[in-house]
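Following: one structure in structure tokens, then a few remarks.
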Amino acid sequence: MTFKDGTAPDRHEAAATCTAMADILNRIGDKWSVMVVGYLAPKTMRFNELRNAIGGISQRMLTLTLRNLERDGLVTRTVYPEIPPRVEYALTDLGRTLTEPLDALWQWAKEHQDDVGAARAAYDRSHPATEPVPPERRYAGATR
């Protein structure tokens with residue numbers, strides 16, 4: 001690993017950074033977190049509004065995702081003392097900093113999905129059928 005200025009971190013610093021990066025990417029790189037951040041980017045949403053917008057996510061998974069994003073400082077949860085209680089979720093300032101990189105990733109995937117598909121097909125043609133092909137990972141509700 002090399003920094004933009006051409007220097008390299010010492011081994012211990014690089015290991016600590018890689019561990020921290022893996023932890024953060026594990027959270028923000030999971031499909032539900034990405035979708036929650038994407039839907040909360042333009043507006044504050046209530047739980048069921050968010051669940052219906054995402055589609056295919058269980059109540060438990062959305063609850064866990066929101067709780068983890070809140071714990072990481074990316075989402076705020078506001079409970080209003082009403083009957084029944086009203087709960088709203090919004091991105092924090094830190095959470096908003098994720099929208100630009102996620103938009104870039106989304107745009108890259110959109111622009112290169114055909115290239116990736118062609119590369120997969122070429123790989124599959126050049127490797128014997130006896131080699132196991134990793135299963136395609138898709139999010140719930142995706143269409144081919």
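If you're wondering about the labels, chains in the structure tokens are A, B, ... by order shown, residues count from 1 in each chain, ligands from 1 in order shown.
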
Residues near region 63-70 of chain A, anyone? I mean within 7 Å using only C-alpha atoms, not counting same-chain ones fewer than 4 positions away, as a PDB file with N, CA and C atoms, in the first residue's frame.
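Saved the output as around16.pdb:
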ATOM      1  N   TRP A  32     -27.998  -3.847   2.601  1.00  0.00           N
ATOM      2  CA  TRP A  32     -29.091  -3.139   3.276  1.00  0.00           C
ATOM      3  C   TRP A  32     -28.643  -1.774   3.754  1.00  0.00           C
ATOM      4  N   SER A  33     -27.424  -1.677   4.255  1.00  0.00           N
ATOM      5  CA  SER A  33     -26.926  -0.370   4.700  1.00  0.00           C
ATOM      6  C   SER A  33     -26.845   0.609   3.536  1.00  0.00           C
ATOM      7  N   GLN A  59     -38.496  -7.027   8.770  1.00  0.00           N
ATOM      8  CA  GLN A  59     -38.557  -6.044   9.850  1.00  0.00           C
ATOM      9  C   GLN A  59     -37.320  -6.165  10.741  1.00  0.00           C
ATOM     10  N   LEU A  74     -24.134   7.220  11.741  1.00  0.00           N
ATOM     11  CA  LEU A  74     -24.538   7.551  10.376  1.00  0.00           C
ATOM     12  C   LEU A  74     -26.014   7.907  10.269  1.00  0.00           C
ATOM     13  N   VAL A  75     -26.813   7.436  11.218  1.00  0.00           N
ATOM     14  CA  VAL A  75     -28.267   7.648  11.202  1.00  0.00           C
ATOM     15  C   VAL A  75     -28.711   8.117  12.588  1.00  0.00           C
ATOM     16  N   THR A  76     -29.684   9.016  12.604  1.00  0.00           N
ATOM     17  CA  THR A  76     -30.311   9.394  13.872  1.00  0.00           C
ATOM     18  C   THR A  76     -31.708   8.807  13.919  1.00  0.00           C
TER      19      THR A  76
END

So that I can see what lies close to region 86-99 of chain A, please list as a PDB file with N, CA and C atoms, in the first residue's frame the residues with an atom at most 7 Å from it, counting only C-alpha atoms and leaving out residues fewer than 3 positions away in the same chain.
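Final output, around.pdb:
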ATOM      1  N   LEU A  40     -32.439   7.365   2.645  1.00  0.00           N
ATOM      2  CA  LEU A  40     -32.480   8.459   3.612  1.00  0.00           C
ATOM      3  C   LEU A  40     -31.742   9.713   3.127  1.00  0.00           C
ATOM      4  N   ALA A  41     -30.984   9.587   2.050  1.00  0.00           N
ATOM      5  CA  ALA A  41     -30.223  10.739   1.557  1.00  0.00           C
ATOM      6  C   ALA A  41     -31.112  11.944   1.254  1.00  0.00           C
ATOM      7  N   LYS A  43     -34.350  12.491   2.249  1.00  0.00           N
ATOM      8  CA  LYS A  43     -35.374  12.883   3.220  1.00  0.00           C
ATOM      9  C   LYS A  43     -35.376  11.998   4.454  1.00  0.00           C
ATOM     10  N   THR A  44     -35.996  12.503   5.498  1.00  0.00           N
ATOM     11  CA  THR A  44     -36.251  11.751   6.720  1.00  0.00           C
ATOM     12  C   THR A  44     -37.400  10.800   6.439  1.00  0.00           C
ATOM     13  N   MET A  45     -37.312   9.580   7.001  1.00  0.00           N
ATOM     14  CA  MET A  45     -38.362   8.594   6.745  1.00  0.00           C
ATOM     15  C   MET A  45     -38.739   7.867   8.022  1.00  0.00           C
ATOM     16  N   ARG A  46     -39.979   7.412   8.069  1.00  0.00           N
ATOM     17  CA  ARG A  46     -40.434   6.562   9.155  1.00  0.00           C
ATOM     18  C   ARG A  46     -40.078   5.115   8.816  1.00  0.00           C
ATOM     19  N   PHE A  47     -40.131   4.249   9.838  1.00  0.00           N
ATOM     20  CA  PHE A  47     -39.692   2.866   9.679  1.00  0.00           C
ATOM     21  C   PHE A  47     -40.429   2.158   8.547  1.00  0.00           C
ATOM     22  N   GLY A  73     -22.982   6.227  14.042  1.00  0.00           N
ATOM     23  CA  GLY A  73     -23.100   7.673  13.895  1.00  0.00           C
ATOM     24  C   GLY A  73     -23.545   8.119  12.526  1.00  0.00           C
ATOM     25  N   LEU A  74     -24.134   7.220  11.741  1.00  0.00           N
ATOM     26  CA  LEU A  74     -24.538   7.551  10.376  1.00  0.00           C
ATOM     27  C   LEU A  74     -26.014   7.907  10.269  1.00  0.00           C
ATOM     28  N   VAL A  75     -26.813   7.436  11.218  1.00  0.00           N
ATOM     29  CA  VAL A  75     -28.267   7.648  11.202  1.00  0.00           C
ATOM     30  C   VAL A  75     -28.711   8.117  12.588  1.00  0.00           C
ATOM     31  N   THR A  76     -29.684   9.016  12.604  1.00  0.00           N
ATOM     32  CA  THR A  76     -30.311   9.394  13.872  1.00  0.00           C
ATOM     33  C   THR A  76     -31.708   8.807  13.919  1.00  0.00           C
ATOM     34  N   ARG A  77     -32.133   8.474  15.124  1.00  0.00           N
ATOM     35  CA  ARG A  77     -33.468   7.942  15.371  1.00  0.00           C
ATOM     36  C   ARG A  77     -34.155   8.916  16.311  1.00  0.00           C
ATOM     37  N   THR A  78     -35.277   9.472  15.862  1.00  0.00           N
ATOM     38  CA  THR A  78     -36.016  10.431  16.677  1.00  0.00           C
ATOM     39  C   THR A  78     -37.378   9.846  17.017  1.00  0.00           C
ATOM     40  N   VAL A  79     -37.663   9.749  18.316  1.00  0.00           N
ATOM     41  CA  VAL A  79     -38.952   9.237  18.785  1.00  0.00           C
ATOM     42  C   VAL A  79     -39.772  10.425  19.265  1.00  0.00           C
ATOM     43  N   TYR A  80     -40.988  10.543  18.724  1.00  0.00           N
ATOM     44  CA  TYR A  80     -41.898  11.615  19.126  1.00  0.00           C
ATOM     45  C   TYR A  80     -42.903  11.055  20.132  1.00  0.00           C
ATOM     46  N   GLU A  82     -45.919  10.587  21.006  1.00  0.00           N
ATOM     47  CA  GLU A  82     -47.296  10.589  20.536  1.00  0.00           C
ATOM     48  C   GLU A  82     -47.863   9.195  20.752  1.00  0.00           C
ATOM     49  N   LEU A 102     -21.077   6.578  -2.452  1.00  0.00           N
ATOM     50  CA  LEU A 102     -22.063   5.573  -2.856  1.00  0.00           C
ATOM     51  C   LEU A 102     -22.665   5.911  -4.219  1.00  0.00           C
ATOM     52  N   ASP A 103     -22.889   7.195  -4.481  1.00  0.00           N
ATOM     53  CA  ASP A 103     -23.374   7.600  -5.807  1.00  0.00           C
ATOM     54  C   ASP A 103     -22.353   7.240  -6.884  1.00  0.00           C
TER      55      ASP A 103
END

- Query: What separation in Å, quoted to one decimal, exists between CA of Asn26 (chain A) and CA of Arg71 (chain A)?
  - Reply: 14.0 Å

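Atom pair CA of Pro135 (chain A) / CA of Asp30 (chain A): separated by 17.0 Å.
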
- Query: Among region 16-133 of chain A, which ones does DSSP place in strand (DSSP E or B), written as a ChimeraX atom specification?
  - Reply: /A:45-46,75-80,86-91

- Message: List the spatial neighbours of region 48-52 of chain A as number ranges by chain - criterion: any atom at most 8 Å away, only C-alpha atoms, same-chain residues fewer than 6 positions off excluded.
- Response: A: 36, 39, 58-59, 62

- Item | Members of chain A assigned alpha helix (DSSP H) by DSSP, as a PyMOL selection string | chain A and resi 11-28+31-40+47-54+59-71+93-96+99-126

- Atom-to-atom span, CA of Met35 (chain A) and CA of Gly117 (chain A), Å: 22.4 Å

- Write out as a PyMOL selection string the residues lying within 12 Å of Trp106 (chain A), counting only C-alpha atoms and excluding same-chain residues fewer than 4 positions away. chain A and resi 31+34-35+38+99-102+110-113

Hey, can you spit out that residue selection with C-alpha atoms as a CSV table (one decimal), in the first residue's frame?
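Saved as again_10.csv:
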chain,number,residue,atom,x,y,z
A,31,LYS,CA,-26.5,-4.2,0.7
A,34,VAL,CA,-26.3,1.0,1.2
A,35,MET,CA,-30.0,1.0,0.5
A,38,GLY,CA,-29.6,5.8,-0.3
A,99,THR,CA,-23.7,9.7,-0.3
A,100,GLU,CA,-21.1,10.9,-2.8
A,101,PRO,CA,-18.9,7.8,-2.7
A,102,LEU,CA,-22.1,5.6,-2.9
A,110,LYS,CA,-24.5,1.2,-13.9
A,111,GLU,CA,-21.8,2.0,-16.5
A,112,HIS,CA,-19.9,-1.3,-16.3
A,113,GLN,CA,-22.6,-3.9,-15.6
